[in-house]
Amino acid sequence: MPEPITVATLDLDALSHNVAIARARAAGADILVAVKANAYGHGAPVIARTLESSGLVDALGVALVAEAHELRSHGITLPILKFSHCLPGELDEAVAVGMWLTVVDDQTITEAEAAAERAGVEQVVHLKLDSGMGRIGSPLTDATRLALAIDASPHLRLEGVFTHLPIADQPDDGGFTEDELDAFGAAVEAIASARGPVRHVHASNSAATLRRHRDWMTMVRPGIMVYGYSPDPIAMPEPDLRPVLGWTTRLTFLKHVRAGTTIGYGRTWTAPEDSWIGTIAVGYGDGFSRLNSNRGVVLVAGRMVPVVGRVCMDQTMINFGPDRPDVGVGEPVVIIGRSGDLVRTADEVADLMGTISYEVLCLVGERVPRVVTASGQE
């Protein structure tokens, strides 16, 4: 097989470094790392193997049963929580894979109980409460009643109670998050008074792990910080975090064009002067968003080079300007990472696209190979 032209490189030492920061901030709480969405675009199997072998992580979190199935097929033995509840058609496979199930109301408790009974197992469940996100979960006022309903089932074991914080990354939120945590804590205390403490109590996403974790929570759920980024790089800069993913491609063509020449689909860019235009082997089919058209920037030989014209499915054009660049076909092109003294982060790419680092990383497509550059195995 020829060497791939466009690759995503993974610094697994950076991953372990970031997890260690999360563990230090967690004040002794267990660590559940979110590896959903292909580990935020990094490649779930290799990330999960590294996390498991590090001994720094106690559990993993996914969005889909299929994601858990993939991890189990790669030999991952850590507990895996599905963050949302299963639909009835998913439950038998979820139980067979050995997931921790989320339940959100009476119906999902009944359905989980039936699946566990069919499998002849005692199924671990986490009760999801809605303290302010408005997405899924039971009202806090129903928490104790639902916890006791789970306890009444011979086939279910309640081991977790959790919620999700919608604005924990905002330093000035009018006290919403603190009030939310107080209300969630009161619901947890009411559950404990009625049936004894629950082992895993968790609400801290990356933002709360970094800034708002409370000692009475026994688990944290970091996501984006583990991959090297702050949930909000402006309001919550975290200089100690190290980006895990780098993304590079190569220059495949270089041509000289006259002033007035148009470039790309729709002829959306016109050369204002005689220019050297390069073509690089990455496009929206690889996850380099079309939103980078006429606004994105890549790094080539230690300089910033703007994207011109519309990003194509497999290729993109860049403008070196009027002077012939000292590069040729095959020259490395950095989308995320370092070139000379310059560094390009997912935050900077996101800023030009009008989005967040999470989306930039998750967009990196499956056809882009993930290549390990530090500890661990590919």
# chains A, B, ... in the order shown; residues from 1 in each chain; ligands from 1

call {"tool": "residues_around", "arguments": {"residues": "range 178-185 of chain A", "least_positions_apart": "2", "cutoff": "8 Å", "atoms": "only C-alpha atoms", "output": "VMD selection string"}}
result
chain A and resid 131 to 132 140 163 165 175 to 176 187 to 189

call {"tool": "write_last_selection", "arguments": {"atoms": "C-alpha atoms", "output": "compact mmCIF listing (two decimals), in the first residue's frame"}}
result
# COMPACT_ATOMS: atom_id res chain seq x y z
CA SER A 131 -31.38 19.82 35.89
CA GLY A 132 -31.44 22.47 33.18
CA LEU A 140 -35.46 16.34 39.63
CA THR A 163 -27.13 15.22 34.85
CA LEU A 165 -24.70 21.13 32.56
CA GLY A 175 -25.45 31.83 39.02
CA PHE A 176 -27.39 29.35 36.86
CA ALA A 187 -31.99 15.37 44.47
CA VAL A 188 -29.02 13.06 45.01
CA GLU A 189 -29.23 13.59 48.76

call {"tool": "residues_around", "arguments": {"residues": "Met353 in chain A", "least_positions_apart": "5", "cutoff": "8 Å", "atoms": "only C-alpha atoms", "output": "list in words"}}
result
Leu291, Asn292 and Gly296 of chain A

call {"tool": "residues_around", "arguments": {"residues": "Glu67 in chain A", "least_positions_apart": "4", "cutoff": "9 Å", "atoms": "only C-alpha atoms", "output": "count of residues only"}}
result
9

call {"tool": "select_by_dssp", "arguments": {"residues": "range 6-101 of chain A", "states": "strand (DSSP E or B)", "output": "list in words"}}
result
Val7, Ala8, Thr9, Leu10, Asp30, Ile31, Leu32, Val33, Ala34, Ala59, Leu60, Gly61, Val62, Ile80, Leu81, Lys82, Phe83, Ser84, His85, Trp100 and Leu101 of chain A

call {"tool": "write_last_selection", "arguments": {"atoms": "N, CA and C atoms", "output": "PDB file, in the first residue's frame"}}
result
ATOM      1  N   VAL A   7      -3.262  12.567   6.437  1.00  0.00           N
ATOM      2  CA  VAL A   7      -3.290  11.751   7.650  1.00  0.00           C
ATOM      3  C   VAL A   7      -3.626  12.616   8.865  1.00  0.00           C
ATOM      4  N   ALA A   8      -4.199  11.963   9.868  1.00  0.00           N
ATOM      5  CA  ALA A   8      -4.371  12.569  11.187  1.00  0.00           C
ATOM      6  C   ALA A   8      -3.407  11.863  12.132  1.00  0.00           C
ATOM      7  N   THR A   9      -2.521  12.622  12.745  1.00  0.00           N
ATOM      8  CA  THR A   9      -1.549  12.041  13.656  1.00  0.00           C
ATOM      9  C   THR A   9      -2.025  12.194  15.093  1.00  0.00           C
ATOM     10  N   LEU A  10      -1.735  11.197  15.918  1.00  0.00           N
ATOM     11  CA  LEU A  10      -2.196  11.176  17.301  1.00  0.00           C
ATOM     12  C   LEU A  10      -1.003  11.147  18.243  1.00  0.00           C
ATOM     13  N   ASP A  30     -13.825   9.248  40.311  1.00  0.00           N
ATOM     14  CA  ASP A  30     -13.555   8.383  39.164  1.00  0.00           C
ATOM     15  C   ASP A  30     -13.605   9.204  37.870  1.00  0.00           C
ATOM     16  N   ILE A  31     -12.929   8.691  36.857  1.00  0.00           N
ATOM     17  CA  ILE A  31     -12.860   9.379  35.564  1.00  0.00           C
ATOM     18  C   ILE A  31     -13.561   8.543  34.503  1.00  0.00           C
ATOM     19  N   LEU A  32     -14.586   9.109  33.875  1.00  0.00           N
ATOM     20  CA  LEU A  32     -15.234   8.521  32.709  1.00  0.00           C
ATOM     21  C   LEU A  32     -14.944   9.444  31.529  1.00  0.00           C
ATOM     22  N   VAL A  33     -14.235   8.947  30.527  1.00  0.00           N
ATOM     23  CA  VAL A  33     -13.869   9.767  29.372  1.00  0.00           C
ATOM     24  C   VAL A  33     -14.843   9.525  28.231  1.00  0.00           C
ATOM     25  N   ALA A  34     -15.339  10.602  27.648  1.00  0.00           N
ATOM     26  CA  ALA A  34     -16.227  10.502  26.492  1.00  0.00           C
ATOM     27  C   ALA A  34     -15.419  10.124  25.254  1.00  0.00           C
ATOM     28  N   ALA A  59     -13.839   4.441  33.312  1.00  0.00           N
ATOM     29  CA  ALA A  59     -14.957   4.071  32.439  1.00  0.00           C
ATOM     30  C   ALA A  59     -14.896   4.935  31.191  1.00  0.00           C
ATOM     31  N   LEU A  60     -15.698   4.544  30.192  1.00  0.00           N
ATOM     32  CA  LEU A  60     -15.788   5.267  28.928  1.00  0.00           C
ATOM     33  C   LEU A  60     -17.253   5.607  28.657  1.00  0.00           C
ATOM     34  N   GLY A  61     -17.473   6.629  27.844  1.00  0.00           N
ATOM     35  CA  GLY A  61     -18.834   7.020  27.506  1.00  0.00           C
ATOM     36  C   GLY A  61     -19.043   7.105  26.016  1.00  0.00           C
ATOM     37  N   VAL A  62     -20.186   6.604  25.538  1.00  0.00           N
ATOM     38  CA  VAL A  62     -20.507   6.605  24.115  1.00  0.00           C
ATOM     39  C   VAL A  62     -21.938   7.098  23.916  1.00  0.00           C
ATOM     40  N   ILE A  80     -18.577   0.761  29.989  1.00  0.00           N
ATOM     41  CA  ILE A  80     -18.973   1.715  28.961  1.00  0.00           C
ATOM     42  C   ILE A  80     -20.405   2.156  29.244  1.00  0.00           C
ATOM     43  N   LEU A  81     -20.582   3.472  29.445  1.00  0.00           N
ATOM     44  CA  LEU A  81     -21.908   4.032  29.663  1.00  0.00           C
ATOM     45  C   LEU A  81     -22.438   4.615  28.368  1.00  0.00           C
ATOM     46  N   LYS A  82     -23.662   4.254  28.017  1.00  0.00           N
ATOM     47  CA  LYS A  82     -24.364   4.932  26.928  1.00  0.00           C
ATOM     48  C   LYS A  82     -25.041   6.158  27.520  1.00  0.00           C
ATOM     49  N   PHE A  83     -24.661   7.352  27.042  1.00  0.00           N
ATOM     50  CA  PHE A  83     -25.109   8.587  27.658  1.00  0.00           C
ATOM     51  C   PHE A  83     -26.612   8.818  27.540  1.00  0.00           C
ATOM     52  N   SER A  84     -27.224   8.258  26.537  1.00  0.00           N
ATOM     53  CA  SER A  84     -28.667   8.408  26.353  1.00  0.00           C
ATOM     54  C   SER A  84     -29.327   7.041  26.478  1.00  0.00           C
ATOM     55  N   HIS A  85     -30.642   7.045  26.624  1.00  0.00           N
ATOM     56  CA  HIS A  85     -31.361   5.794  26.794  1.00  0.00           C
ATOM     57  C   HIS A  85     -31.464   5.053  25.452  1.00  0.00           C
ATOM     58  N   TRP A 100     -23.274  -0.150  30.557  1.00  0.00           N
ATOM     59  CA  TRP A 100     -24.111   0.492  31.559  1.00  0.00           C
ATOM     60  C   TRP A 100     -25.202   1.238  30.804  1.00  0.00           C
ATOM     61  N   LEU A 101     -26.459   1.007  31.156  1.00  0.00           N
ATOM     62  CA  LEU A 101     -27.574   1.630  30.461  1.00  0.00           C
ATOM     63  C   LEU A 101     -28.042   2.880  31.183  1.00  0.00           C
TER      64      LEU A 101
END

call {"tool": "closest_residue", "arguments": {"among": "A:Gly278, A:Pro222, A:Pro369, A:Gly354", "to": "Val46 in chain A", "atoms": "only C-alpha atoms"}}
result
A:Pro369

call {"tool": "select_by_dssp", "arguments": {"residues": "range 39-226 of chain A", "states": "helix (DSSP H, G or I)", "output": "NGL selection string"}}
result
:A and (39-41 or 44-54 or 65-73 or 88-97 or 106-119 or 140-151 or 176-195 or 206-211 or 224-226)

call {"tool": "residues_around", "arguments": {"residues": "Ile234 in chain A", "least_positions_apart": "6", "cutoff": "12 Å", "atoms": "only C-alpha atoms", "output": "mmCIF file with C-alpha atoms, in the first residue's frame"}}
result
data_model
loop_
_atom_site.group_PDB
_atom_site.id
_atom_site.type_symbol
_atom_site.label_atom_id
_atom_site.label_comp_id
_atom_site.auth_asym_id
_atom_site.auth_seq_id
_atom_site.Cartn_x
_atom_site.Cartn_y
_atom_site.Cartn_z
ATOM 1 C CA ASP A 169 -18.197 26.888 30.434
ATOM 2 C CA GLN A 170 -19.562 30.416 30.885
ATOM 3 C CA PRO A 171 -17.875 32.250 33.768
ATOM 4 C CA ASP A 347 -9.751 26.450 17.827
ATOM 5 C CA GLU A 348 -8.325 28.684 15.099
ATOM 6 C CA ASP A 351 -13.023 30.466 14.584
ATOM 7 C CA ILE A 356 -16.236 25.176 17.853
#

call {"tool": "residues_around", "arguments": {"residues": "Gly321 in chain A", "least_positions_apart": "6", "cutoff": "10 Å", "atoms": "only C-alpha atoms", "output": "VMD selection string"}}
result
chain A and resid 256 271 to 277 305 to 306

call {"tool": "write_last_selection", "arguments": {"atoms": "N, CA and C atoms", "output": "compact mmCIF listing (two decimals), in the first residue's frame"}}
result
# COMPACT_ATOMS: atom_id res chain seq x y z
N HIS A 256 1.12 28.65 -12.12
CA HIS A 256 1.14 30.10 -12.18
C HIS A 256 -0.06 30.57 -12.99
N ALA A 271 -8.02 35.93 -9.14
CA ALA A 271 -6.67 36.38 -8.79
C ALA A 271 -6.54 37.88 -9.02
N PRO A 272 -6.18 38.64 -7.97
CA PRO A 272 -6.05 40.09 -8.13
C PRO A 272 -4.75 40.49 -8.82
N GLU A 273 -3.82 39.53 -8.92
CA GLU A 273 -2.52 39.75 -9.54
C GLU A 273 -2.01 38.40 -10.02
N ASP A 274 -0.96 38.39 -10.80
CA ASP A 274 -0.34 37.12 -11.16
C ASP A 274 0.00 36.37 -9.88
N SER A 275 -0.37 35.10 -9.83
CA SER A 275 -0.25 34.36 -8.56
C SER A 275 0.16 32.91 -8.79
N TRP A 276 0.75 32.33 -7.74
CA TRP A 276 1.06 30.90 -7.73
C TRP A 276 0.00 30.18 -6.89
N ILE A 277 -0.74 29.31 -7.54
CA ILE A 277 -1.84 28.57 -6.92
C ILE A 277 -1.44 27.12 -6.72
N VAL A 305 -0.86 30.18 4.42
CA VAL A 305 -1.28 30.28 3.02
C VAL A 305 -2.81 30.18 2.99
N PRO A 306 -3.49 31.17 2.40
CA PRO A 306 -4.95 31.18 2.42
C PRO A 306 -5.56 30.23 1.39

call {"tool": "residues_around", "arguments": {"residues": "Ser16 in chain A", "least_positions_apart": "5", "cutoff": "9 Å", "atoms": "only C-alpha atoms", "output": "MDAnalysis selection string"}}
result
chainID A and resid 21 50:51 54 56 226

call {"tool": "write_last_selection", "arguments": {"atoms": "all heavy atoms", "output": "PDB file, in the first residue's frame"}}
result
ATOM      1  N   ILE A  21      -4.359  15.692  34.006  1.00  0.00           N
ATOM      2  CA  ILE A  21      -4.892  16.976  34.470  1.00  0.00           C
ATOM      3  C   ILE A  21      -6.330  16.798  34.956  1.00  0.00           C
ATOM      4  O   ILE A  21      -6.710  17.317  36.018  1.00  0.00           O
ATOM      5  CB  ILE A  21      -4.827  18.026  33.347  1.00  0.00           C
ATOM      6  CG1 ILE A  21      -3.370  18.396  33.050  1.00  0.00           C
ATOM      7  CG2 ILE A  21      -5.624  19.282  33.723  1.00  0.00           C
ATOM      8  CD1 ILE A  21      -3.202  19.352  31.885  1.00  0.00           C
ATOM      9  N   THR A  50      -5.452   3.196  24.644  1.00  0.00           N
ATOM     10  CA  THR A  50      -4.479   3.993  25.382  1.00  0.00           C
ATOM     11  C   THR A  50      -5.014   4.360  26.760  1.00  0.00           C
ATOM     12  O   THR A  50      -4.296   4.280  27.769  1.00  0.00           O
ATOM     13  CB  THR A  50      -4.129   5.262  24.595  1.00  0.00           C
ATOM     14  OG1 THR A  50      -3.654   4.901  23.309  1.00  0.00           O
ATOM     15  CG2 THR A  50      -3.066   6.078  25.314  1.00  0.00           C
ATOM     16  N   LEU A  51      -6.274   4.774  26.823  1.00  0.00           N
ATOM     17  CA  LEU A  51      -6.878   5.129  28.098  1.00  0.00           C
ATOM     18  C   LEU A  51      -6.933   3.933  29.033  1.00  0.00           C
ATOM     19  O   LEU A  51      -6.641   4.049  30.231  1.00  0.00           O
ATOM     20  CB  LEU A  51      -8.282   5.686  27.867  1.00  0.00           C
ATOM     21  CG  LEU A  51      -8.363   7.023  27.123  1.00  0.00           C
ATOM     22  CD1 LEU A  51      -9.817   7.360  26.807  1.00  0.00           C
ATOM     23  CD2 LEU A  51      -7.703   8.136  27.916  1.00  0.00           C
ATOM     24  N   SER A  54      -3.448   3.009  30.322  1.00  0.00           N
ATOM     25  CA  SER A  54      -2.840   4.017  31.195  1.00  0.00           C
ATOM     26  C   SER A  54      -3.182   3.805  32.661  1.00  0.00           C
ATOM     27  O   SER A  54      -2.446   4.237  33.549  1.00  0.00           O
ATOM     28  CB  SER A  54      -3.295   5.421  30.772  1.00  0.00           C
ATOM     29  OG  SER A  54      -4.650   5.659  31.161  1.00  0.00           O
ATOM     30  N   LEU A  56      -5.426   5.325  34.134  1.00  0.00           N
ATOM     31  CA  LEU A  56      -5.905   6.607  34.656  1.00  0.00           C
ATOM     32  C   LEU A  56      -7.411   6.775  34.537  1.00  0.00           C
ATOM     33  O   LEU A  56      -7.973   7.735  35.055  1.00  0.00           O
ATOM     34  CB  LEU A  56      -5.219   7.761  33.922  1.00  0.00           C
ATOM     35  CG  LEU A  56      -3.712   7.919  34.121  1.00  0.00           C
ATOM     36  CD1 LEU A  56      -3.154   8.969  33.177  1.00  0.00           C
ATOM     37  CD2 LEU A  56      -3.402   8.282  35.570  1.00  0.00           C
ATOM     38  N   VAL A 226      -9.775  16.249  27.298  1.00  0.00           N
ATOM     39  CA  VAL A 226      -8.894  15.088  27.148  1.00  0.00           C
ATOM     40  C   VAL A 226      -8.189  15.113  25.797  1.00  0.00           C
ATOM     41  O   VAL A 226      -7.059  14.619  25.659  1.00  0.00           O
ATOM     42  CB  VAL A 226      -9.710  13.792  27.339  1.00  0.00           C
ATOM     43  CG1 VAL A 226      -8.924  12.569  26.905  1.00  0.00           C
ATOM     44  CG2 VAL A 226     -10.156  13.662  28.787  1.00  0.00           C
TER      45      VAL A 226
END

call {"tool": "closest_residue", "arguments": {"among": "A:Tyr40, A:Thr209, A:Gly174, A:Leu91", "to": "Ala24 in chain A", "atoms": "only C-alpha atoms"}}
result
A:Thr209

call {"tool": "residues_around", "arguments": {"residues": "Leu146 in chain A", "least_positions_apart": "2", "cutoff": "9 Å", "atoms": "only C-alpha atoms", "output": "ChimeraX atom specification"}}
result
/A:104-106,109,127,138,142-144,148-151

call {"tool": "write_last_selection", "arguments": {"atoms": "all heavy atoms", "output": "short mmCIF file (atom, residue, chain, number, x, y, z; two decimals), in the first residue's frame"}}
result
data_model
loop_
_atom_site.label_atom_id
_atom_site.label_comp_id
_atom_site.auth_asym_id
_atom_site.auth_seq_id
_atom_site.Cartn_x
_atom_site.Cartn_y
_atom_site.Cartn_z
N VAL A 104 -34.35 7.03 31.84
CA VAL A 104 -34.78 8.43 31.98
C VAL A 104 -36.20 8.58 32.52
O VAL A 104 -36.60 9.70 32.84
CB VAL A 104 -34.66 9.16 30.63
CG1 VAL A 104 -33.22 9.23 30.17
CG2 VAL A 104 -35.53 8.50 29.55
N ASP A 105 -36.95 7.48 32.58
CA ASP A 105 -38.33 7.58 33.03
C ASP A 105 -38.85 6.18 33.32
O ASP A 105 -38.11 5.18 33.21
CB ASP A 105 -39.22 8.30 32.02
CG ASP A 105 -39.19 7.67 30.63
OD1 ASP A 105 -38.74 6.49 30.49
OD2 ASP A 105 -39.61 8.34 29.66
N ASP A 106 -40.14 6.08 33.68
CA ASP A 106 -40.72 4.78 34.01
C ASP A 106 -40.65 3.82 32.83
O ASP A 106 -40.34 2.62 33.01
CB ASP A 106 -42.18 4.95 34.44
CG ASP A 106 -42.31 5.69 35.76
OD1 ASP A 106 -41.96 5.11 36.79
OD2 ASP A 106 -42.75 6.85 35.75
N ILE A 109 -37.16 2.38 32.28
CA ILE A 109 -36.85 1.43 33.35
C ILE A 109 -37.51 0.09 33.07
O ILE A 109 -36.89 -0.98 33.16
CB ILE A 109 -37.31 1.98 34.72
CG1 ILE A 109 -36.45 3.19 35.11
CG2 ILE A 109 -37.24 0.90 35.79
CD1 ILE A 109 -36.97 3.93 36.33
N LEU A 127 -29.34 6.59 36.26
CA LEU A 127 -30.55 7.39 36.12
C LEU A 127 -30.16 8.80 35.69
O LEU A 127 -29.41 9.49 36.38
CB LEU A 127 -31.30 7.44 37.45
CG LEU A 127 -32.53 8.35 37.53
CD1 LEU A 127 -33.60 7.92 36.53
CD2 LEU A 127 -33.08 8.38 38.95
N SER A 138 -35.22 12.77 33.56
CA SER A 138 -36.43 12.98 34.34
C SER A 138 -36.32 14.26 35.15
O SER A 138 -35.22 14.73 35.46
CB SER A 138 -36.63 11.80 35.30
OG SER A 138 -35.62 11.79 36.29
N ASP A 142 -38.79 13.83 40.33
CA ASP A 142 -39.09 12.41 40.18
C ASP A 142 -37.92 11.51 40.54
O ASP A 142 -38.02 10.28 40.45
CB ASP A 142 -39.49 12.10 38.72
CG ASP A 142 -40.87 12.62 38.36
OD1 ASP A 142 -41.63 12.96 39.28
OD2 ASP A 142 -41.18 12.68 37.16
N ALA A 143 -36.81 12.09 40.94
CA ALA A 143 -35.57 11.32 41.10
C ALA A 143 -35.70 10.19 42.11
O ALA A 143 -35.35 9.03 41.83
CB ALA A 143 -34.43 12.26 41.49
N THR A 144 -36.21 10.50 43.29
CA THR A 144 -36.30 9.46 44.33
C THR A 144 -37.26 8.36 43.94
O THR A 144 -36.97 7.15 44.11
CB THR A 144 -36.72 10.10 45.67
OG1 THR A 144 -35.76 11.08 46.06
CG2 THR A 144 -36.84 9.04 46.76
N LEU A 148 -36.17 4.37 43.46
CA LEU A 148 -36.80 3.26 44.20
C LEU A 148 -37.44 2.26 43.23
O LEU A 148 -37.46 1.05 43.51
CB LEU A 148 -37.83 3.81 45.17
CG LEU A 148 -37.25 4.67 46.32
CD1 LEU A 148 -38.37 5.25 47.17
CD2 LEU A 148 -36.28 3.85 47.16
N ALA A 149 -37.96 2.75 42.11
CA ALA A 149 -38.52 1.83 41.11
C ALA A 149 -37.43 0.93 40.54
O ALA A 149 -37.65 -0.27 40.29
CB ALA A 149 -39.20 2.63 40.00
N ILE A 150 -36.27 1.48 40.32
CA ILE A 150 -35.14 0.65 39.84
C ILE A 150 -34.76 -0.37 40.90
O ILE A 150 -34.55 -1.56 40.61
CB ILE A 150 -33.94 1.56 39.50
CG1 ILE A 150 -34.27 2.46 38.31
CG2 ILE A 150 -32.69 0.71 39.19
CD1 ILE A 150 -33.27 3.58 38.10
N ASP A 151 -34.68 0.06 42.14
CA ASP A 151 -34.33 -0.86 43.23
C ASP A 151 -35.35 -2.00 43.37
O ASP A 151 -35.00 -3.10 43.82
CB ASP A 151 -34.26 -0.10 44.55
CG ASP A 151 -33.03 0.79 44.65
OD1 ASP A 151 -32.05 0.55 43.91
OD2 ASP A 151 -33.05 1.74 45.47
#

call {"tool": "atom_distance", "arguments": {"atom1": "CA of Met219 in chain A", "atom2": "CA of Val124 in chain A"}}
result
15.8 Å
